[in-house]
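Asks: To start, I am sharing the structure in question, which I have written as structure tokens.
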Amino acid sequence: MNNFISRIVIICLFIILFVIIMIPFYAVALSSFKPGESLIRYGLNLSLDFSIMSFDNFIYLFTGEHDYFVWFWNSMTLTIVQVVLTLFVSAFVGYGFAAYDFKGKNFLFICVLLIMMVPFEILLVPLYSLINDLKMVNSYSAIILPGIANAATIFFFRQYLRSIPKEIIQSGRVDGANEYAIYFRLIMPIMKPSFAAMAILNGMNSWNNLLWPFMVLGDQSKFTLPIGLKTLLTPYGNNYDLLIVGSFFSIIPIFILFIAFQKYFIDGMTAGAVKG
Amino acid sequence: MIKKFVYSQKVAPYVFVLPFILIFLIFWFYPLVNSFVMSFQDKMLGQDPKWIGEANYSKLLTDKVFLTAIKNSVVYMLGTLVLLIPFPMLFAVMINSKLMMGREFFKSSFFLPALTSVAVAGTIFRLTFGEMEGSLMNSFLGLFGVEPIKFLKDGEWSMAALLILACWRWTGVNMLYYLSSLKSIDNEYYEAASIDGASAWQKFRTITMPLLKPTTVYVTTISVYAGLAMFTESLMMFNGNNSPKNIGLTIVGFLYRQGIEKNKLGYAAAVGIILLVIAMVINLTQLKFSGMFKKEED
């Protein structure tokens, strides 16, 4: 009996939490059917007023004159390039840390941990002045390069690879393969699940990244989606119609990715936290 | 000859970690050192710097706006520690218990807010906390007869709004961290405790909490980091880096204002160094007290 009551209480609690968490999503979805003027006047709300609801915002999103899909496309390409390069480089480095003992390894690994512990934001100013000196302002390489050997991703791959039996590497050597062939032919294929986890996690971060790209990119034709959405609200006038439907639409790709790869997502989230 | 050198087993590890060394030196170490140097200078972008010693630091310590920014960031960080560690831990224990149903469903739906970008989440919450009677939060409070609140014009309310946004986005993520470490706890501990007649609370306090400690340390570390470095949430919530009476200004917001908006690079660099020191001191103390250093070495 006692268990029964506890069960009811726990489940009710989770249903309430679920509703609270979903309200913002529901409100945005609902508001994307309302005219922007209603948002200005009433803010985000849950009223289901069919007399003002229409598909106008969606029609405007797909046919109107704006840069939304340019931003969308930019975000897409930037995310894909960034993820592919970051995973390739970080896994390479992670394998170096996991598979070998070499002089200076501990020191270098402490550097990895240090990067993970220091807020990136403190480097905003010197990094900005560096890319200014390198004439990289307004280029995607300024966004991609600093993160290409991503500390958290290296850490993850290193943890993951430590559990791979050393015999595989040894047998590769016995067969006469060189160190790089061993990595590319024998190790990389085993890493597939960890690549999936990190691809999703890095993809999510890249897709949603705002601050650094916002600082680097000045050219509107190069804006990514989060920057574009941000610029829709200005002190001189707010384009709520596009903002709300655009926000709603920008969540969809990442939701689909999440639902398709849920298992990897969660593995990727938690792998760094648990000591392997 | 060169090929043989690069292919040797002694050199290979360095080739593997070389990309990290390069990126570390160019995009991390150099800017950090440069930041340190710049903090003793009066410098504008593209101009020659002027040495001014520790003037930036002494000016910062008397800059009222900076002290406001530190206060806001620290309050926000403490708020996230209080809200985003015990509750997610408790939820994880509940969701993990045998009594729970629909575990997978709740797990993934709690994670959904983390998928939204700050740009989108900030916009949503900005509109949720609108000052009009009809906006989401005020119409909810209206049900209890509360007068509409101007959330984003009053310091305490706007801090509450920022913390609610943080809870909405990160509760599910922290819950997942705890869940994954709960899974690795051996059930035998609980069985033994049951035989000894321990209550659910006693089991939680004497078995679950101590065994979750590594996760708590990890979550605390990232929360300190993220809390002190918070900026974009405030940027979105107040639609820019200027909030009324600086109620939403954070340390990084101040750094951004000085360095990027006003082009006072030296002054901003000094802010960065102070932030670095605060974050390192808090995190290293925290890690030392929880005895994490010994484990890190293996």
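Residue numbering restarts at 1 for every chain of the structure tokens, chains are lettered A, B, ... in their displayed order, and ligands are numbered from 1 as they appear.
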Counting only C-alpha atoms, what are the residues of chain A within 6 Å of chain B, and for each of them which pair of atoms is the nearest and at what distance in Å, to one decimal? Sort the table by chain and rising number, as a Markdown table.
Replies:
```
| residue | atom | partner | partner_atom | distance |
| --- | --- | --- | --- | --- |
| A:Arg7 | CA | B:Leu99 | CA | 5.2 |
| A:Tyr42 | CA | B:Gly134 | CA | 5.0 |
| A:Gly43 | CA | B:Ser135 | CA | 4.5 |
| A:Leu44 | CA | B:Leu127 | CA | 5.1 |
| A:Asn45 | CA | B:Leu136 | CA | 4.6 |
| A:Phe92 | CA | B:Phe16 | CA | 5.8 |
| A:Val93 | CA | B:Val17 | CA | 4.6 |
| A:Gly96 | CA | B:Phe16 | CA | 4.9 |
| A:Ile122 | CA | B:Gly272 | CA | 4.4 |
| A:Pro126 | CA | B:Pro31 | CA | 5.0 |
| A:Leu127 | CA | B:Pro31 | CA | 5.7 |
| A:Pro146 | CA | B:Phe27 | CA | 5.5 |
| A:Ala149 | CA | B:Phe20 | CA | 5.4 |
| A:Asn208 | CA | B:Ser117 | CA | 4.4 |
| A:Pro226 | CA | B:Ala119 | CA | 5.4 |
| A:Ser247 | CA | B:Val120 | CA | 5.7 |
| A:Thr270 | CA | B:Tyr177 | CA | 5.3 |
```
Asks: From a DSSP pass on the backbone, collect the residues of stretch 82-205 of chain A flagged as helix (DSSP H, G or I) and hand them back as a PyMOL selection string.
Replies: chain A and resi 82-99+105-117+120-133+141-147+151-161+166-174+179-190+192-205
Asks: Write the selection just made, keeping C-alpha atoms, as a short mmCIF file (atom, residue, chain, number, x, y, z; two decimals), in the first residue's frame?
Replies:
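Result file follows (part37.cif):
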```cif
data_model
loop_
_atom_site.label_atom_id
_atom_site.label_comp_id
_atom_site.auth_asym_id
_atom_site.auth_seq_id
_atom_site.Cartn_x
_atom_site.Cartn_y
_atom_site.Cartn_z
CA GLN A 82 33.01 21.85 -37.92
CA VAL A 83 31.84 18.48 -36.60
CA VAL A 84 33.72 16.44 -39.20
CA LEU A 85 36.99 18.30 -38.67
CA THR A 86 36.69 18.41 -34.89
CA LEU A 87 35.96 14.71 -34.61
CA PHE A 88 38.72 13.76 -36.99
CA VAL A 89 41.34 15.81 -35.18
CA SER A 90 40.15 15.19 -31.62
CA ALA A 91 39.92 11.42 -32.09
CA PHE A 92 43.41 11.38 -33.57
CA VAL A 93 44.74 13.22 -30.53
CA GLY A 94 42.66 11.15 -28.12
CA TYR A 95 44.20 7.99 -29.52
CA GLY A 96 47.67 9.44 -28.99
CA PHE A 97 46.89 9.96 -25.32
CA ALA A 98 45.25 6.57 -24.85
CA ALA A 99 47.58 4.28 -26.75
CA LYS A 105 52.24 13.06 -21.79
CA ASN A 106 51.10 13.91 -18.28
CA PHE A 107 51.92 17.55 -18.75
CA LEU A 108 50.02 17.70 -22.04
CA PHE A 109 47.08 15.91 -20.56
CA ILE A 110 46.95 18.41 -17.71
CA CYS A 111 46.75 21.07 -20.43
CA VAL A 112 43.67 19.30 -21.81
CA LEU A 113 42.07 19.31 -18.37
CA LEU A 114 43.01 22.96 -17.85
CA ILE A 115 41.21 24.01 -21.00
CA MET A 116 38.16 22.18 -19.75
CA MET A 117 38.28 24.10 -16.48
CA PHE A 120 36.45 30.16 -22.85
CA GLU A 121 34.93 33.63 -22.39
CA ILE A 122 38.07 35.02 -20.76
CA LEU A 123 39.82 34.57 -24.10
CA LEU A 124 37.22 36.56 -26.05
CA VAL A 125 39.28 39.74 -26.24
CA PRO A 126 42.78 38.34 -26.92
CA LEU A 127 41.36 35.75 -29.32
CA TYR A 128 39.46 38.44 -31.15
CA SER A 129 42.58 40.54 -31.42
CA LEU A 130 44.51 37.47 -32.63
CA ILE A 131 42.10 36.63 -35.43
CA ASN A 132 42.06 40.32 -36.29
CA ASP A 133 45.85 40.19 -36.69
CA SER A 141 37.83 29.37 -40.20
CA ALA A 142 37.96 31.72 -37.21
CA ILE A 143 35.01 29.80 -35.77
CA ILE A 144 36.23 26.33 -36.71
CA LEU A 145 39.97 26.41 -36.01
CA PRO A 146 40.13 27.29 -32.30
CA GLY A 147 37.78 24.41 -31.47
CA ALA A 151 39.43 19.41 -25.07
CA ALA A 152 36.22 17.76 -23.92
CA THR A 153 36.05 15.66 -27.08
CA ILE A 154 39.70 14.60 -26.76
CA PHE A 155 39.01 13.68 -23.15
CA PHE A 156 36.02 11.59 -24.19
CA PHE A 157 37.90 9.68 -26.91
CA ARG A 158 40.82 9.07 -24.58
CA GLN A 159 38.49 7.61 -21.94
CA TYR A 160 36.78 5.49 -24.56
CA LEU A 161 39.98 4.20 -26.12
CA LYS A 166 46.29 -3.30 -26.38
CA GLU A 167 46.52 -6.68 -28.15
CA ILE A 168 44.84 -5.17 -31.20
CA ILE A 169 47.64 -2.65 -31.55
CA GLN A 170 50.27 -5.35 -30.91
CA SER A 171 48.80 -7.70 -33.48
CA GLY A 172 48.80 -4.87 -36.01
CA ARG A 173 52.49 -4.31 -35.35
CA VAL A 174 53.23 -8.02 -35.69
CA GLU A 179 51.45 3.17 -36.34
CA TYR A 180 49.10 5.25 -38.49
CA ALA A 181 47.78 2.31 -40.47
CA ILE A 182 46.99 0.65 -37.16
CA TYR A 183 44.97 3.68 -36.11
CA PHE A 184 43.13 4.21 -39.39
CA ARG A 185 42.48 0.57 -40.28
CA LEU A 186 42.10 -1.17 -36.92
CA ILE A 187 41.12 1.40 -34.32
CA MET A 188 38.91 3.88 -36.14
CA PRO A 189 36.36 1.24 -37.19
CA ILE A 190 35.95 0.22 -33.53
CA LYS A 192 32.08 4.18 -34.56
CA PRO A 193 29.67 4.40 -31.59
CA SER A 194 31.83 7.00 -29.87
CA PHE A 195 31.98 9.00 -33.10
CA ALA A 196 28.21 8.98 -33.21
CA ALA A 197 27.95 10.22 -29.63
CA MET A 198 30.47 13.00 -30.16
CA ALA A 199 29.05 13.96 -33.56
CA ILE A 200 25.68 14.57 -32.01
CA LEU A 201 27.03 16.45 -29.03
CA ASN A 202 29.39 18.63 -31.05
CA GLY A 203 26.71 19.11 -33.68
CA MET A 204 24.28 20.35 -31.08
CA ASN A 205 26.82 22.79 -29.66
#
```
Asks: So that I can see what lies close to A:Thr231, please list as a VMD selection string the residues with an atom at most 12 Å from it, counting only C-alpha atoms and leaving out residues fewer than 4 positions away in the same chain.
Replies: (chain A and resid 67 to 68 71 210 214 218 220 223 to 227 235 to 240 242 to 243) or (chain B and resid 119 to 120 123 235 to 236 239 to 240)
Asks: Work out how far apart atom CA of B:Met209 and atom CA of B:Ile185 are and give it in Å to one decimal.
Replies: 10.9 Å
Asks: Can you work out which one of B:Asn72, B:Ile278, B:Ile149, B:Met237 has the shortest atom-to-atom distance to A:Val118, counting only C-alpha atoms?
Replies: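 Of B:Asn72, B:Ile278, B:Ile149, B:Met237, the one nearest A:Val118, counting only C-alpha atoms, is B:Ile278.
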Asks: If you count only C-alpha atoms, which residues fall within 7 Å of B:Ala69, apart from same-chain ones fewer than 3 positions away, as an NGL selection string?
Replies: :B and (65-66 or 72-73 or 249-251 or 254)
Asks: Would you mind reading off the distance between atom CA of B:Glu188 and atom CA of A:Ser6, one decimal, in Å?
Replies: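 Atom-to-atom, atom CA of B:Glu188 to atom CA of A:Ser6, that is 22.5 Å.
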